[in-house]
Every structure is written in structure tokens, then in C-alpha cells.
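Visitor: Starting off with a structure, shown below.
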There are 2 protein chains.
Amino acid sequence: MKCNVITIVGLGLIGGSLLKALQGFDEAIFYGVDAKEEVVAKAKEQGLIQYCESNEKALMDADVVYVCLPPDAVPDFINNHQFKKGSLVTDVCGVKQTICDRITNPDVDFIGGHPMAGKEASGFDASDGELFKNASYLLTPTEHNQPEHIELLKRIIEYIGCRETVITNPKEHDEMIAYTSQLMHVVAIALCDNRQLDKAKSFSAGSLRDCTRVAKLDSKLWTQLFMHNKKELSNCIDVFEESMNKIKRFLQSEDAEGLQKYLEEISHRKQKFLA
Amino acid sequence: MKCNVITIVGLGLIGGSLLKALQGFDEAIFYGVDAKEEVVAKAKEQGLIQYCESNEKALMDADVVYVCLPPDAVPDFINNHQFKKGSLVTDVCGVKQTICDRITNPDVDFIGGHPMAGKEASGFDASDGELFKNASYLLTPTEHNQPEHIELLKRIIEYIGCRETVITNPKEHDEMIAYTSQLMHVVAIALCDNRQLDKAKSFSAGSLRDCTRVAKLDSKLWTQLFMHNKKELSNCIDVFEESMNKIKRFLQSEDAEGLQKYLEEISHRKQKFLA
């Protein structure tokens with residue numbers, strides 16, 4: 001299907017980056033909605049969106065609406081606004097089960113989405129049309145979604161520069177993200193909760209810097225993401241702690257041979273799967 | 001003091017990189033010693049070292065000897081070889097207390113050293129004269145060392161491109177390194193000891209990649225480093241686990257407010273000390 005009007009709700013880092021990356025797609029018209037008037041004005045000045053007389057019209061006219069809001073806000077926004085009947089609505093949240101479960105607006109064809117891209121800065125000013133280059137984009141469609149909407153999203157994902165569309169479901173998504181993303185943020189934070197951090201700079205090379213890079217985070221957003229996925233994340237922390245304890249036992253029992261074998265095995269796994 | 005002959009023992013990643021970075025220093029002559037004949041031959045072919053009729057002479061003629069061997073090998077090498085009387089001998093090990101304590105050769109003026117530089121590859125072929133650019137270089141001199149030797153090392157450290165010389169002692173060194181380096185490697189390994197790693201690539205952006213970068217490690221070397229510093233490393237793991245448990249408790253008690261406050265506090269600390 002051809003897309004005539006695309007509306008982005010929430011012109012932060014992800015919404016703004018999508019808006020920039022989508023320019024020119026299907027020669028569509030773009031509308032932007034944001035709680036901050038000045039952000040909408042800036043996007044208009046930059047020629048990224050067109051004038052729209054009201055947010056209501058921006059939603060009602062759109063073939064596709066990207067709701068780029070934090071997890072706590074997404075279901076309410078979609079359930080409490082009017083959209084064009086049968087239109088495609090999608091989100092960009094880092095959790096999917098709690099979002100997908102709570103969307104009840106019968107007018108929209110909702111497909112959960114999650115671009116695996118981000119950076120340490122946030123807000124429209126940090127947005128970047130190249131943000132999705134070579135990223136993976138996760139979708140959680142169901143049998144109830146219009147096939148042409150799934151195809152349209154895949155076409156958009158390719159257009160914005162992603163390397164792949166991954167079709168998954170909310171359960172698998174949340175289990176995997178608890179590991180690949182949330183656990184990494186929890187670990188980075190826990191690594192920085194240490195009095196030795198104060199004088200670490202002179203005593204460190206790259207490993208401290210890399211392992212703690214994501215500890216610079218948006219605490220409000222990440223609290224929501226962690227809380228929406230607390231069961232899976234807790235499980236992930238348990239698995240991780242078991243591995244940490246394994247290493248501690250090697251140290252305490254002075255089992256150098258066992259430790260070396262373990263390090264070698266895991267180091268190989270890492271090279272095999274994350275090369 | 002001017003330096004006429006510098007000998008590097010162990011032409012691996014660090015030894016080879018030192019040899020390359022040191023070229024031209026004080027117009028000194030360089031000798032290389034390595035268990036692998038072909039590595040010494042290669043260094044000679046590349047014009048990095050001069051011909052020397054024996055390893056004994058390479059050690060006896062040197063004003064400075066860099067012993068770039070793994071921790072288990074350093075004390076024995078220094079104690080069981082003859083050096084020029086009063087000459088400066090230094091090492092590059094990632095642990096210092098067990099090394100410094102065990103060196104008993106009365107002929108040498110030993111100063112422990114540790115350049116905070118490395119990369120995922122190892123061996124002479126991976127060595128790089130730019131490896132130390134902008135790195136920190138840790139030294140653990142004592143009151144027994146010749147002041148001119150400490151000054152010479154500082155001059156070398158500047159010459160090879162380091163950003164700073166940090167004067168510390170073995171105890172502080174090992175406590176700090178347990179945190180800034182060893183804990184990061186333990187965490188990276190533990191993060192990769194997870195069945196979800198197999199399909200993680202499609203579900204991840206940068207955080208998994210960065211947090212696990214150093215899990216590609218030389219298992220033999222790192223086993224020695226961990227074992228030489230097992231008490232400090234175990235303490236570090238304990239402190240880290242307490243922070244992980246703090247986060248788990250926020251999740252389990254659904255204390256979103258407490259979690260957000262904690263994330264914000266630690267995120268600020270990270271930005272303050274690792275900017």
C-alpha cells in the first residue's frame with residue numbers, strides 16, 4: 001500500500017530520528033505531535049513536517065501513526081485518541097508485552113515495534129536521520145494485523161536504513177531484551193555504584209569505559225522499561241549472578257585449571273555468536 | 001641518565017608494541033629476547049632490534065630490561081637470570097603485589113610497571129607502536145629505587161605517547177585494577193555465559209556489544225591475573241553483587257520511585273567521574 005500521511009507522536013530522540021530518516025518516503029506528508037510546542041515549531045522550521053491545524057486532524061488523517069512515547073504513556077495515548085478507522089498505529093517501546101496487552105482501541109491496527117537503536121543523548125536536538133543505519137528492527141505482529149500493514153512497516157524499515165526486520169512476539173521480545181539490553185544497563189549502573197569510581201580514570205583503559213558506557217541513561221525512561229519487564233529482568237539477573245558466583249568459586253577454591261577452561265569456553269562462545 | 005641499550009624480553013602484544021614505540025629513544029640499541037626464535041627473527045628483519053650473539057649478553061649489556069612476560073613467569077625470570085649490576089629492570093604485568101614481593105635478585109633495581117593499554121588480539125603480529133597513545137602508565141617504585149631510574153621511566157612513558165605516569169604502590173594498584181579492569185573482564189565473561197547469547201545478535205544494539213567486548217580474552221593470561229589478585233577481585237565482585245541485589249530489590253518490591261532515584265544518582269556519578 002502507498003502511504004499518504006505519516007504522523008509522528010513524540011518528537012524525541014527516536015521520534016525525531018524517524019521523522020528525519022523517513023523524509024521522502026512514498027512522497028508522504030508528515031505531521032508531528034509533541035507536548036512541547038517549540039519542538040513541533042522547530043521540526044516545521046526544518047521542513048520536516050507540514051502545518052496541521054490540530055493534533056486531532058494529524059491523527060485522523062494519517063495512514064500510519066508512530067507513537068514514540070515512553071512505555072507508561074503509549075497504551076493510554078492510543079486508547080484515548082481517535083484515529084482513522086483501520087489505520088496502522090505502531091510504537092517504538094523497548095518492552096512489548098505490557099504495551100500490546102493494554103491496547104484496546106478497536107479502530108486501529110496496532111503492530112508493536114522496537115528499533116534497536118539509540119544513543120546516550122535524548123530529545124529532538126539529539127535526533128539523527130542516520131540513527132537506524134545497520135540496526136535491527138523488531139516487530140511483534142499478530143494474526144489479526146493486516147498483512148499489507150506488516151509489508152508497509154518492512155518497507156519503511158528498509159527505507160530508514162535498518163539491516164533487518166525481525167518478526168517476533170511480545171514474550172520472546174521481552175525475554176531477549178531483558179538480556180541483550182536491560183541487563184547490560186543494570187550491570188553498567190551496578191558497576192558505577194562503587195567508591196573506587198572516583199579515582200578510576202587514571203587506573204583504567206578501555207574495559208571500564210565500554211562496560212559502563214550505557215550507565216549514562218535517562219533514569220525515568222529506564223525505570224519504566226525495567227518495571228514493565230521486571231519478571232524477565234529479574235530472571236536474567238539471577239542467571240547472570242549464577243555465572244558470577246561460578247567465577248568466585250573458582251577464585252576461592254584456587255582452581256586455576258577450572259577457571260582457565262571456563263574462560264576459554266565462554267570466550268569462544270562470545271566470538272562465535274557476537275563476531 | 002642516558003640509555004644506551006634497552007632489552008625487551010617477551011615480544012608479544014605489549015613487548016612488541018613497546019619495542020615499536022621506543023624506536024629512536026635516546027639513540028639506544030635494542031635487543032629482543034623471546035622463546036620463539038621466529039619472532040626474534042621477524043623483529044630483526046623489521047629493523048626493530050639488533051643482532052645479539054646470546055640472550056645472556058642481551059640482558060648483561062642492557063641499561064634497561066623490560067620483562068614483558070605473564071605474571072607467573074616474571075619473578076622466576078628476573079631471579080634466575082644475570083643482569084648488569086644496578087641496572088633498571090621493569091615489568092608490564094597487570095598485577096603488582098605478588099610480582100614485587102617475589103623479586104629477590106639483588107643485582108637489579110626493579111620498578112613495577114603497568115601500561116593501561118591492550119587490545120583483543122595478542123602476539124607480536126598484533127603489536128602496534130601507537131598502542132600507548134593517550135594511555136595511563138602505572139608505576140610502583142619504592143624508596144629503594146634509584147631516583148634517576150624513576151625519571152628515566154617517566155621519560156620513556158612520555159616518549160611512547162602515554163598521557164600520564166601514575167605513581168602508586170602495589171596494594172593500591174591491585175585494589176584499583178581489581179575494579180577497573182579485572183571486574184570488567186569477569187562481568188563480560190559472566191554476561192556471555194547465557195543461552196540467550198546464541199540468538200542475541202538480531203535483538204541487540206550497542207550495549208551488549210560494548211559490555212561484552214573484553215570477553216574475547218587470552219584465558220591463560222587472565223587466569224593468572226585473576227589468581228594473583230584473587231582476594232581483591234573477590235572483594236570487588238562482592239561490592240558489585242550488592243549493587244545488583246539493590247536493583248533486584250527495587251524490582252521485586254515494585255519501588256519505581258526508589259529505582260529511578262538510584263539510577264539517576266549513579267548515572268550522575270558515572271558522568272562526573274568518567275566524562
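We name chains A, B, ... following the order of the C-alpha cells; residues begin at 1 in each chain, and ligands are numbered from 1 as shown.
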Can you list every residue of chain B that has an atom at most 7 Å from chain A, with its nearest atom pair and the distance in Å to one decimal, using only C-alpha atoms, ordered by chain then number, as CSV?
Guide:
residue,atom,partner,partner_atom,distance
B:Met116,CA,A:Ala205,CA,5.1
B:Ala117,CA,A:Ala205,CA,5.8
B:Ala135,CA,A:Ala205,CA,6.9
B:Ser136,CA,A:Ser202,CA,6.0
B:Met176,CA,A:Phe203,CA,6.6
B:Ile177,CA,A:Phe203,CA,6.7
B:Thr180,CA,A:Leu208,CA,5.5
B:Ser181,CA,A:Ser207,CA,6.1
B:Met184,CA,A:Ser207,CA,6.0
B:Ile189,CA,A:Ile266,CA,6.4
B:Ala190,CA,A:Ser243,CA,5.1
B:Leu191,CA,A:Phe240,CA,6.1
B:Cys192,CA,A:Lys270,CA,6.0
B:Asp193,CA,A:Ile266,CA,6.0
B:Gln196,CA,A:Met176,CA,7.0
B:Leu197,CA,A:Phe273,CA,6.7
B:Asp198,CA,A:Phe273,CA,5.7
B:Ala200,CA,A:Thr180,CA,6.3
B:Lys201,CA,A:Leu274,CA,6.5
B:Ser202,CA,A:Ser136,CA,6.0
B:Phe203,CA,A:Met176,CA,6.6
B:Ser204,CA,A:Thr180,CA,5.5
B:Ala205,CA,A:Met116,CA,5.1
B:Ser207,CA,A:Met184,CA,6.0
B:Leu208,CA,A:Thr180,CA,5.5
B:Asp210,CA,A:Asp210,CA,5.2
B:Cys211,CA,A:Cys211,CA,4.1
B:Val214,CA,A:Ser207,CA,6.6
B:Ala215,CA,A:Ser267,CA,5.5
B:Lys216,CA,A:Ser267,CA,5.0
B:Leu217,CA,A:Ser267,CA,6.3
B:Ser219,CA,A:Glu264,CA,5.3
B:Lys220,CA,A:Gln260,CA,6.0
B:Thr223,CA,A:Gln260,CA,5.5
B:Met227,CA,A:Leu251,CA,6.5
B:Lys230,CA,A:Leu251,CA,5.8
B:Ser234,CA,A:Lys248,CA,6.3
B:Phe240,CA,A:Ala190,CA,6.1
B:Ser243,CA,A:Ala190,CA,5.0
B:Met244,CA,A:Ala190,CA,5.6
B:Lys248,CA,A:Ser234,CA,6.3
B:Leu251,CA,A:Lys230,CA,5.8
B:Ala256,CA,A:Thr223,CA,6.3
B:Leu259,CA,A:Thr223,CA,6.5
B:Gln260,CA,A:Ser219,CA,5.5
B:Leu263,CA,A:Ser219,CA,5.4
B:Glu264,CA,A:Ser219,CA,5.3
B:Ile266,CA,A:Asp193,CA,6.0
B:Ser267,CA,A:Lys216,CA,5.0
B:Lys270,CA,A:Cys192,CA,6.0
B:Gln271,CA,A:Lys216,CA,6.6
B:Phe273,CA,A:Asp198,CA,5.7
B:Leu274,CA,A:Lys201,CA,6.5
Visitor: Quick one: pick out all strand (DSSP E or B) residues within region 1-195 of chain A from a backbone DSSP run and write them as a PyMOL selection string.
Guide: chain A and resi 5-9+29-33+64-67+88-91+109-115+136-140+164-167
Visitor: If you keep N, CA and C atoms, can you produce a file of those selected residues as an mmCIF file, in the first residue's frame?
Guide:
data_model
loop_
_atom_site.group_PDB
_atom_site.id
_atom_site.type_symbol
_atom_site.label_atom_id
_atom_site.label_comp_id
_atom_site.auth_asym_id
_atom_site.auth_seq_id
_atom_site.Cartn_x
_atom_site.Cartn_y
_atom_site.Cartn_z
ATOM 1 N N VAL A 5 -0.116 9.942 4.369
ATOM 2 C CA VAL A 5 0.154 10.793 5.531
ATOM 3 C C VAL A 5 0.747 9.941 6.665
ATOM 4 N N ILE A 6 1.884 10.388 7.200
ATOM 5 C CA ILE A 6 2.510 9.721 8.349
ATOM 6 C C ILE A 6 2.601 10.736 9.484
ATOM 7 N N THR A 7 2.094 10.346 10.644
ATOM 8 C CA THR A 7 2.160 11.245 11.806
ATOM 9 C C THR A 7 3.059 10.632 12.880
ATOM 10 N N ILE A 8 3.952 11.457 13.390
ATOM 11 C CA ILE A 8 4.838 11.011 14.471
ATOM 12 C C ILE A 8 4.393 11.710 15.751
ATOM 13 N N VAL A 9 4.078 10.919 16.760
ATOM 14 C CA VAL A 9 3.690 11.464 18.061
ATOM 15 C C VAL A 9 4.883 11.312 19.006
ATOM 16 N N ILE A 29 3.091 13.052 3.211
ATOM 17 C CA ILE A 29 3.058 14.255 4.045
ATOM 18 C C ILE A 29 3.329 13.819 5.491
ATOM 19 N N PHE A 30 4.117 14.607 6.215
ATOM 20 C CA PHE A 30 4.407 14.289 7.619
ATOM 21 C C PHE A 30 3.780 15.315 8.560
ATOM 22 N N TYR A 31 3.156 14.816 9.619
ATOM 23 C CA TYR A 31 2.682 15.669 10.702
ATOM 24 C C TYR A 31 3.411 15.269 11.983
ATOM 25 N N GLY A 32 3.601 16.247 12.861
ATOM 26 C CA GLY A 32 4.254 15.955 14.135
ATOM 27 C C GLY A 32 3.396 16.414 15.301
ATOM 28 N N VAL A 33 3.382 15.598 16.347
ATOM 29 C CA VAL A 33 2.630 15.940 17.560
ATOM 30 C C VAL A 33 3.605 15.821 18.738
ATOM 31 N N VAL A 64 -0.491 6.074 8.779
ATOM 32 C CA VAL A 64 0.404 5.447 9.751
ATOM 33 C C VAL A 64 0.691 6.439 10.871
ATOM 34 N N VAL A 65 0.532 6.013 12.103
ATOM 35 C CA VAL A 65 0.921 6.845 13.250
ATOM 36 C C VAL A 65 2.002 6.120 14.050
ATOM 37 N N TYR A 66 3.134 6.766 14.203
ATOM 38 C CA TYR A 66 4.191 6.270 15.090
ATOM 39 C C TYR A 66 4.019 6.947 16.446
ATOM 40 N N VAL A 67 3.726 6.154 17.471
ATOM 41 C CA VAL A 67 3.595 6.715 18.817
ATOM 42 C C VAL A 67 4.939 6.495 19.525
ATOM 43 N N LEU A 88 -2.913 2.091 10.477
ATOM 44 C CA LEU A 88 -1.799 1.416 11.149
ATOM 45 C C LEU A 88 -1.232 2.316 12.243
ATOM 46 N N VAL A 89 -1.189 1.792 13.453
ATOM 47 C CA VAL A 89 -0.549 2.508 14.562
ATOM 48 C C VAL A 89 0.554 1.604 15.106
ATOM 49 N N THR A 90 1.713 2.196 15.343
ATOM 50 C CA THR A 90 2.828 1.406 15.860
ATOM 51 C C THR A 90 3.558 2.213 16.921
ATOM 52 N N ASP A 91 4.358 1.533 17.729
ATOM 53 C CA ASP A 91 5.112 2.222 18.774
ATOM 54 C C ASP A 91 6.599 1.880 18.629
ATOM 55 N N ASP A 109 -5.188 -0.644 13.725
ATOM 56 C CA ASP A 109 -4.471 -1.896 13.502
ATOM 57 C C ASP A 109 -3.092 -1.699 14.126
ATOM 58 N N PHE A 110 -2.954 -2.132 15.384
ATOM 59 C CA PHE A 110 -1.715 -1.874 16.117
ATOM 60 C C PHE A 110 -0.687 -2.987 15.894
ATOM 61 N N ILE A 111 0.527 -2.572 15.548
ATOM 62 C CA ILE A 111 1.649 -3.520 15.445
ATOM 63 C C ILE A 111 2.788 -2.983 16.303
ATOM 64 N N GLY A 112 3.201 -3.777 17.297
ATOM 65 C CA GLY A 112 4.294 -3.349 18.172
ATOM 66 C C GLY A 112 5.620 -3.328 17.425
ATOM 67 N N GLY A 113 6.427 -2.322 17.711
ATOM 68 C CA GLY A 113 7.733 -2.225 17.049
ATOM 69 C C GLY A 113 8.806 -1.780 18.022
ATOM 70 N N HIS A 114 10.053 -2.079 17.695
ATOM 71 C CA HIS A 114 11.177 -1.682 18.544
ATOM 72 C C HIS A 114 12.460 -1.611 17.710
ATOM 73 N N PRO A 115 12.828 -0.395 17.313
ATOM 74 C CA PRO A 115 14.103 -0.256 16.596
ATOM 75 C C PRO A 115 15.267 -0.394 17.578
ATOM 76 N N SER A 136 18.889 -3.410 13.761
ATOM 77 C CA SER A 136 17.860 -4.426 13.633
ATOM 78 C C SER A 136 16.553 -3.779 14.118
ATOM 79 N N TYR A 137 15.404 -4.123 13.483
ATOM 80 C CA TYR A 137 14.117 -3.538 13.878
ATOM 81 C C TYR A 137 13.174 -4.691 14.202
ATOM 82 N N LEU A 138 12.715 -4.745 15.447
ATOM 83 C CA LEU A 138 11.870 -5.848 15.893
ATOM 84 C C LEU A 138 10.395 -5.484 15.748
ATOM 85 N N LEU A 139 9.596 -6.406 15.216
ATOM 86 C CA LEU A 139 8.144 -6.212 15.097
ATOM 87 C C LEU A 139 7.440 -7.388 15.756
ATOM 88 N N THR A 140 6.282 -7.093 16.393
ATOM 89 C CA THR A 140 5.506 -8.171 17.023
ATOM 90 C C THR A 140 4.083 -8.204 16.468
ATOM 91 N N GLU A 164 17.935 -5.288 9.134
ATOM 92 C CA GLU A 164 16.996 -6.408 9.118
ATOM 93 C C GLU A 164 15.725 -6.108 9.915
ATOM 94 N N THR A 165 14.615 -6.733 9.449
ATOM 95 C CA THR A 165 13.380 -6.743 10.218
ATOM 96 C C THR A 165 13.296 -8.103 10.885
ATOM 97 N N VAL A 166 13.101 -8.115 12.192
ATOM 98 C CA VAL A 166 12.963 -9.378 12.913
ATOM 99 C C VAL A 166 11.514 -9.502 13.371
ATOM 100 N N ILE A 167 10.834 -10.547 12.891
ATOM 101 C CA ILE A 167 9.453 -10.791 13.316
ATOM 102 C C ILE A 167 9.499 -11.680 14.561
#
Visitor: In terms of the shortest atom-to-atom distance over only C-alpha atoms, which of A:Pro71, A:Gly47, A:Gly161, A:Pro170 is closest to Cys93 (chain A)?
Guide: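 Nearest to Cys93 (chain A): A:Pro71.
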Visitor: Using DSSP assignments from the backbone, pull out every residue in region 18-263 of chain A that falls under alpha helix (DSSP H) and give it to me as a count of residues only.
Guide: 109
Visitor: Smallest atom-to-atom distance to His144 (chain B): which of B:Cys52, B:Val92, B:Ile157, B:Val108, using only C-alpha atoms?
Guide: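 The answer is B:Val108, which sits nearest to His144 (chain B).
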Visitor: Would you list the contacts of region 15-19 of chain A as a list in words, taking every protein, DNA or RNA residue within 7 Å and counting only C-alpha atoms, but skipping same-chain residues closer than 5 positions in sequence?
Guide: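 Answer for this query is Ile8, Gly10, Leu48, Cys68, Phe124, Ser127, Asp128, Gly129 and Leu131 of chain A.
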Visitor: Can I get the selected residues back with N, CA, C and O atoms, as a short mmCIF file (atom, residue, chain, number, x, y, z; two decimals), in the first residue's frame?
Guide:
data_model
loop_
_atom_site.label_atom_id
_atom_site.label_comp_id
_atom_site.auth_asym_id
_atom_site.auth_seq_id
_atom_site.Cartn_x
_atom_site.Cartn_y
_atom_site.Cartn_z
N ILE A 8 3.95 11.46 13.39
CA ILE A 8 4.84 11.01 14.47
C ILE A 8 4.39 11.71 15.75
O ILE A 8 4.37 12.94 15.82
N GLY A 10 5.39 12.43 19.49
CA GLY A 10 6.56 12.39 20.36
C GLY A 10 7.83 12.57 19.56
O GLY A 10 8.37 11.61 19.00
N LEU A 48 10.58 19.49 8.14
CA LEU A 48 10.40 18.05 8.33
C LEU A 48 8.92 17.66 8.40
O LEU A 48 8.55 16.55 8.07
N CYS A 68 5.73 7.57 19.56
CA CYS A 68 7.10 7.47 20.11
C CYS A 68 7.13 8.05 21.52
O CYS A 68 7.83 9.03 21.79
N PHE A 124 14.74 15.94 20.81
CA PHE A 124 14.71 16.22 19.37
C PHE A 124 16.06 16.71 18.85
O PHE A 124 16.49 16.35 17.76
N SER A 127 18.28 14.06 17.82
CA SER A 127 17.78 13.12 16.81
C SER A 127 18.62 13.20 15.55
O SER A 127 19.24 14.21 15.26
N ASP A 128 18.61 12.09 14.80
CA ASP A 128 19.59 11.90 13.73
C ASP A 128 19.00 10.93 12.69
O ASP A 128 18.66 9.80 13.03
N GLY A 129 18.90 11.38 11.48
CA GLY A 129 18.34 10.54 10.42
C GLY A 129 19.15 9.30 10.11
O GLY A 129 18.68 8.39 9.44
N LEU A 131 20.36 7.38 12.55
CA LEU A 131 20.36 6.58 13.78
C LEU A 131 20.08 5.09 13.53
O LEU A 131 20.58 4.23 14.25
#
Visitor: Between CA of Lys96 (chain B) and CA of Leu225 (chain B), what is the distance, to one decimal in Å?
Guide: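 Between CA of Lys96 (chain B) and CA of Leu225 (chain B) the gap works out to 9.8 Å.
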